[in-house]
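Student: Could you have a look at this structure, given as structure tokens, before my questions?
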Amino acid sequence: MNLKNSYIVAVKDIKEVFSSISIYGPMIGVPLFFAVVLPFMSFYVAFYNAPYVAARIASLPTAPQYLRNLIGTTSFLDYFSINVLGPVFLTMPIITASVIAADSFSGEKERKTSEALLSTPIAKSDLLFGKMLASFVPTILLTLVVFAVYGSVINILSFNAFHEYVLPTTAWFMMIVTSPFLAVAAIGFVVMISAHVRGTKEAQQISTLLILPILTLPFISVLGIADLTASFFVYLTLGLFVLDVAVIYVSIKSFRKESIL
Amino acid sequence: MPVIEIRDLTKKFDKITALNAVTLNFNKGINIVLGPNGAGKSTLLRCISGLYRPDKGRISVFGRDPYVDDDLKMRLSFLSDNYALYDYLSVKDNLLFFGRLYGFDDALILKRVKSVLKELNAMDYLNAKVYTLSRGTKQKIAFCRAILNDPEVLLLDEPTAFLDVNASDSVREIITNYAKASRIIIFVTQRIDEIMRLEGRLTILNKGKVALRSSTSKIYNFITKDLEITVIFARPLAGSIAMDTPGFISGNSANPTLIKVRINSYKDINKVIKQLINNGAQIVSVHYIEPAIEKLFKKGSR
């Protein structure tokens with residue numbers, strides 16, 4: 001394997017993504033917007049006791065008793081930032097990785113640049129690894145930034161209201177650890193899908209279906225089915241690791257040069 | 001032994017057979033592949049370049065299979081009919097990217113790039129983003145990319161289609177020089193006028209099959225068979241001289257400045273011109289209407 005060629009492809013792809021604000025603007029802007037706005041919303045519930053919202057949560061027959069007791073305390077902020085906001089931010093690595101990977105694989109096909117690329121002496125494995133790297137690196141960097149922003153906003157709000165910091169917690173750290181595994185799964189799915197779809201949009205739409213299981217986590221938590229603790233994220237990460245190995249194996253096996261022609 | 005050997009090559013796309021049991025050889029020099037839309041020309045190039053896996057048959061380039069042998073691509077280059085450049089990158093970044101994949105250092109890549117772009121009068125665009133360029137300029141940059149690795153086999157799909165006259169001439173000159181250096185050029189086109197500007201072997205493809213193998217010089221026999229030419233004079237010609245011209249069809253007046261003549265071979269043009277000059281005619285130009293490409297295939301298949 002020629003890692004230099006993979007690096008050349010990755011640098012080209014990243015440069016392409018960040019060459020136009022119309023491409024990277026929404027990709028960065030939307031997560032950062034949510035990283036600020038969503039913590040403010042949770043702060044509103046926790047600090048002002050938001051009677052209407054709190055009452056709705058407390059009135060849920062399945063809502064755990066401890067949740068009802070938490071409203072208006074730092075513990076609620078802690079609970080909300082992990083169990084409700086956390087899964088929302090866990091969708092960021094999936095969405096970002098899907099957008100970049102779909103553009104990287106199906107985009108070559110759509111723009112017909114793959115003919116020139118595949119006419120060079122680059123091996124299939126080097127090309128595949130380079131393109132995965134190009135999707136993975138910006139995704140992880142953006143995820144770290146988003147978690148840092150959302151963690152900071154939560155802490156600022158918490159300190160101003162309760163004179164104490166809520167984050168970081170072990171569960172919060174474990175969520176960050178989970179992110180790369182979600183990104184790899186998303187990239188693997190895009191590689192598999194790109195062999196069977198014509199354009200970027202189809203690849204993105206199909207691959208972002210991966211966010212659906214993640215979006216069920218806040219409901220699972222609020223309904224008391226599971227608590228998103230550190231150990232929960234350890235098990236989730238292990239499960240994702242197995243999924244990643246399987247998806248990457250299948251995507252490498254199924255990837256043919258013609259799939260991006 | 002031919003450098004490029006194609007045996008019984010068949011390539012299908014769903015129910016469409018793009019190439020049907022094609023057997024061909026290509027050797028050093030210029031090889032022109034002519035055919036109308038859908039003849040299978042571009043598919044043939046993509047198979048030779050290793051982009052497509054043949055459904056049936058075998059392709060050998062320097063004795064190796066281009067589909068599985070990535071190292072062979074160091075010696076090949078393919079210019080497709082679209083420019084295949086990254087729109088949001090600059091010309092320089094595009095060319096550096098492709099050059100690096102061939103293992104060249106940046107200094108060597110830029111040296112080659114500058115030399116070719118100067119020749120194609122496109123040096124001013126080195127730092128421009130590709131999407132800002134005209135179609136013709138993009139094609140010049142794509143051509144530059146195609147010869148970046150100094151290939152032994154150069155596969156060109158309509159390389160002059162969007163170029164102006166000067167740039168087309170420059171491209172043809174580069175191609176001719178490549179051929180003189182014992183390289184193999186496969187030049188695909190659907191324009192008959194293009195083949196008259198290049199000296200080389202000619203393959204005509206039609207409906208996925210080889211319709212004719214000839215040379216560009218011999219192809220004039222087909223093109224000029226039963227053809228109407230127009231001769232234009234500086235001064236009016238005597239009516240009797242005009243009517244005495246072999247194959248005379250009509251003139252634009254009793255003492256014409258323009259006559260139409262039917263010929264059966266390109267050799268007849270010399271006879272007509274010689275007789276007219278001997279009779280004192282002052283010839284300005286000779287024109288003929290290029291036959292439709294389909295007519296050429298009908299002639300070729302006879």
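A note on labels: chains of the structure tokens are A, B, ... as shown, every chain counts residues from 1, and ligands are counted from 1 in their shown order.
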If we count only C-alpha atoms, which residues of chain A reach to within 10 Å of chain B? Please list them as a PyMOL selection string.

Tutor: chain A and resi 4-6+8-9+11-13+15-20+108+111-124+257-258+261

Student: If we count only C-alpha atoms and set the cut-off at 12 Å, which residues sit around stretch 14-23 of chain B, ignoring sequence neighbours fewer than 5 positions away in its own chain? Please answer as a JSON list (two decimals) with C-alpha atoms, in the first residue's frame.

Tutor:
[["chain", "number", "residue", "atom", "x", "y", "z"],
["B", 4, "ILE", "CA", -1.50, -2.75, -28.16],
["B", 5, "GLU", "CA", -3.31, -5.96, -29.02],
["B", 6, "ILE", "CA", -7.07, -6.24, -28.81],
["B", 7, "ARG", "CA", -8.67, -9.59, -29.39],
["B", 8, "ASP", "CA", -12.39, -10.21, -29.68],
["B", 9, "LEU", "CA", -13.21, -7.31, -27.34],
["B", 37, "ASN", "CA", -21.67, 9.06, -32.13],
["B", 38, "GLY", "CA", -22.26, 5.70, -30.48],
["B", 39, "ALA", "CA", -19.70, 3.89, -32.64],
["B", 40, "GLY", "CA", -17.83, 2.68, -29.55],
["B", 41, "LYS", "CA", -14.76, 4.91, -29.93],
["B", 42, "SER", "CA", -14.71, 6.27, -26.38],
["B", 43, "THR", "CA", -15.50, 2.86, -24.92],
["B", 44, "LEU", "CA", -12.54, 1.43, -26.84],
["B", 45, "LEU", "CA", -10.21, 4.05, -25.33],
["B", 46, "ARG", "CA", -11.60, 3.44, -21.83],
["B", 47, "CYS", "CA", -10.99, -0.30, -22.23],
["B", 52, "TYR", "CA", -13.45, -0.63, -18.13],
["B", 54, "PRO", "CA", -13.98, -6.09, -20.99],
["B", 55, "ASP", "CA", -17.04, -8.35, -20.85],
["B", 56, "LYS", "CA", -15.35, -10.65, -23.32],
["B", 57, "GLY", "CA", -12.03, -10.76, -25.11],
["B", 58, "ARG", "CA", -8.58, -9.54, -24.16],
["B", 59, "ILE", "CA", -6.56, -6.34, -24.24],
["B", 60, "SER", "CA", -2.82, -6.33, -23.94],
["B", 203, "THR", "CA", -9.55, 2.71, -38.10],
["B", 204, "ILE", "CA", -13.20, 3.38, -38.73],
["B", 205, "LEU", "CA", -15.61, 2.12, -36.11],
["B", 206, "ASN", "CA", -19.32, 1.90, -36.67],
["B", 207, "LYS", "CA", -21.94, 0.39, -34.37],
["B", 208, "GLY", "CA", -19.30, -1.22, -32.19],
["B", 209, "LYS", "CA", -17.49, -2.95, -35.03],
["B", 210, "VAL", "CA", -14.44, -2.21, -37.13],
["B", 211, "ALA", "CA", -15.81, -0.93, -40.45],
["B", 212, "LEU", "CA", -12.51, -0.19, -42.16],
["B", 213, "ARG", "CA", -8.77, -0.15, -41.54]]

Student: Could you pull the residues within 7 Å of stretch 183-196 of chain B, counting only C-alpha atoms, minus those fewer than 2 positions along the same chain, as a list of chain:residue names?

Tutor: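 In the requested format, the answer is B:Asn27, B:Lys28, B:Gly29, B:Ile30, B:Asn31, B:Ile32, B:Val33, B:Leu34, B:Gly35, B:Pro36, B:Lys41, B:Glu152, B:Val153, B:Leu154, B:Leu155, B:Leu156, B:Asp157, B:Glu158, B:Tyr178, B:Ala179, B:Ala181, B:Leu198, B:Thr216, B:Ile293.
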
Student: Near A:Ile95, counting only C-alpha atoms, which residues have an atom at most 10 Å away, once you skip same-chain residues fewer than 6 positions from it, shown as a list in words?

Tutor: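 My list of contacting residues is Met27, Pro31, Ala101, Thr139, Leu182, Ala183, Ala186, Ile187, Gln204, Gln205, Ser207, Thr208, Leu209, Leu210 and Ile211 of chain A.
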
Student: Taking only stretch 125-235 of chain B into account, list the residues labelled helix (DSSP H, G or I) by DSSP (computed from the backbone), as a ChimeraX atom specification.

Tutor: /B:125,130-132,135-146,165-180,192-195,219-223

Student: Keeping only N, CA and C atoms, take the residues you just selected and write them out as a compact mmCIF listing (two decimals), in the first residue's frame.

Tutor:
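Final output, result_21.txt:
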# COMPACT_ATOMS: atom_id res chain seq x y z
N TYR B 125 -3.40 31.29 -17.01
CA TYR B 125 -4.49 30.71 -16.20
C TYR B 125 -3.97 29.78 -15.10
N VAL B 130 -10.54 26.40 -11.89
CA VAL B 130 -10.96 25.78 -13.16
C VAL B 130 -12.36 26.24 -13.57
N TYR B 131 -13.27 26.42 -12.58
CA TYR B 131 -14.64 26.77 -12.97
C TYR B 131 -14.74 28.15 -13.62
N THR B 132 -13.69 28.95 -13.49
CA THR B 132 -13.73 30.29 -14.10
C THR B 132 -13.28 30.26 -15.57
N ARG B 135 -14.52 26.66 -21.90
CA ARG B 135 -14.45 25.24 -22.25
C ARG B 135 -13.15 24.91 -22.98
N GLY B 136 -12.75 25.81 -23.87
CA GLY B 136 -11.52 25.59 -24.64
C GLY B 136 -10.28 25.60 -23.76
N THR B 137 -10.24 26.55 -22.82
CA THR B 137 -9.08 26.63 -21.92
C THR B 137 -9.02 25.39 -21.03
N LYS B 138 -10.19 24.94 -20.57
CA LYS B 138 -10.21 23.72 -19.76
C LYS B 138 -9.62 22.55 -20.56
N GLN B 139 -9.95 22.53 -21.85
CA GLN B 139 -9.44 21.43 -22.68
C GLN B 139 -7.91 21.51 -22.83
N LYS B 140 -7.40 22.73 -22.91
CA LYS B 140 -5.94 22.89 -22.98
C LYS B 140 -5.30 22.36 -21.70
N ILE B 141 -5.91 22.71 -20.56
CA ILE B 141 -5.36 22.27 -19.27
C ILE B 141 -5.44 20.73 -19.18
N ALA B 142 -6.56 20.19 -19.64
CA ALA B 142 -6.73 18.73 -19.61
C ALA B 142 -5.68 18.06 -20.51
N PHE B 143 -5.40 18.66 -21.64
CA PHE B 143 -4.37 18.10 -22.53
C PHE B 143 -3.01 18.14 -21.84
N CYS B 144 -2.76 19.24 -21.17
CA CYS B 144 -1.50 19.39 -20.42
C CYS B 144 -1.40 18.28 -19.38
N ARG B 145 -2.50 18.02 -18.67
CA ARG B 145 -2.52 16.96 -17.67
C ARG B 145 -2.22 15.59 -18.33
N ALA B 146 -2.78 15.40 -19.52
CA ALA B 146 -2.63 14.10 -20.19
C ALA B 146 -1.19 13.80 -20.59
N VAL B 165 -8.31 27.57 -33.60
CA VAL B 165 -7.43 27.05 -34.67
C VAL B 165 -5.98 26.95 -34.20
N ASN B 166 -5.50 28.03 -33.54
CA ASN B 166 -4.10 28.03 -33.11
C ASN B 166 -3.81 26.94 -32.09
N ALA B 167 -4.72 26.82 -31.12
CA ALA B 167 -4.51 25.80 -30.08
C ALA B 167 -4.60 24.40 -30.68
N SER B 168 -5.54 24.21 -31.63
CA SER B 168 -5.66 22.90 -32.29
C SER B 168 -4.37 22.55 -33.01
N ASP B 169 -3.80 23.55 -33.69
CA ASP B 169 -2.55 23.32 -34.41
C ASP B 169 -1.43 22.95 -33.43
N SER B 170 -1.40 23.66 -32.29
CA SER B 170 -0.36 23.37 -31.30
C SER B 170 -0.50 21.94 -30.77
N VAL B 171 -1.74 21.55 -30.50
CA VAL B 171 -1.99 20.19 -30.00
C VAL B 171 -1.55 19.17 -31.04
N ARG B 172 -1.91 19.41 -32.30
CA ARG B 172 -1.53 18.47 -33.37
C ARG B 172 -0.01 18.40 -33.53
N GLU B 173 0.64 19.55 -33.33
CA GLU B 173 2.10 19.57 -33.44
C GLU B 173 2.73 18.73 -32.32
N ILE B 174 2.20 18.91 -31.12
CA ILE B 174 2.72 18.12 -29.99
C ILE B 174 2.50 16.63 -30.25
N ILE B 175 1.31 16.30 -30.75
CA ILE B 175 0.98 14.90 -31.05
C ILE B 175 1.94 14.35 -32.11
N THR B 176 2.17 15.13 -33.15
CA THR B 176 3.05 14.69 -34.24
C THR B 176 4.47 14.46 -33.71
N ASN B 177 4.93 15.38 -32.86
CA ASN B 177 6.27 15.22 -32.27
C ASN B 177 6.34 13.98 -31.38
N TYR B 178 5.26 13.71 -30.67
CA TYR B 178 5.20 12.50 -29.85
C TYR B 178 5.33 11.26 -30.73
N ALA B 179 4.61 11.30 -31.83
CA ALA B 179 4.63 10.15 -32.75
C ALA B 179 6.03 9.95 -33.32
N LYS B 180 6.72 11.07 -33.62
CA LYS B 180 8.08 10.97 -34.17
C LYS B 180 9.03 10.36 -33.15
N ILE B 192 -14.25 14.31 -39.92
CA ILE B 192 -13.44 13.86 -41.05
C ILE B 192 -12.30 14.84 -41.31
N ASP B 193 -12.58 16.14 -41.12
CA ASP B 193 -11.53 17.13 -41.40
C ASP B 193 -10.32 16.93 -40.49
N GLU B 194 -10.56 16.37 -39.30
CA GLU B 194 -9.45 16.15 -38.36
C GLU B 194 -8.45 15.14 -38.91
N ILE B 195 -8.97 14.10 -39.57
CA ILE B 195 -8.06 13.04 -40.03
C ILE B 195 -7.19 13.52 -41.19
N ILE B 219 -7.56 7.28 -47.34
CA ILE B 219 -8.97 7.59 -47.10
C ILE B 219 -9.49 8.62 -48.11
N TYR B 220 -8.57 9.40 -48.72
CA TYR B 220 -9.00 10.36 -49.74
C TYR B 220 -9.70 9.66 -50.90
N ASN B 221 -9.30 8.42 -51.16
CA ASN B 221 -9.97 7.66 -52.23
C ASN B 221 -11.46 7.54 -51.95
N PHE B 222 -11.78 7.33 -50.68
CA PHE B 222 -13.20 7.18 -50.31
C PHE B 222 -13.89 8.53 -50.29
N ILE B 223 -13.19 9.49 -49.67
CA ILE B 223 -13.84 10.80 -49.51
C ILE B 223 -14.10 11.47 -50.85

Student: Can you list, as a list in words, all residues belonging to stretch 34-110 of chain B that DSSP tags as strand (DSSP E)?

Tutor: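 The strand (DSSP E) residues within stretch 34-110 of chain B come out as Leu34, Lys56, Gly57, Arg58, Ile59, Ser60, Val61, Leu76, Ser77, Phe78 and Leu79 of chain B.
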
Student: Excluding same-chain residues fewer than 6 positions from stretch 141-153 of chain A, what lies within 9 Å of it counting only C-alpha atoms, as a PyMOL selection string?

Tutor: chain A and resi 28+31-32+34-40+81+86+89-90+92-93+96+166-168+172+176+179-180
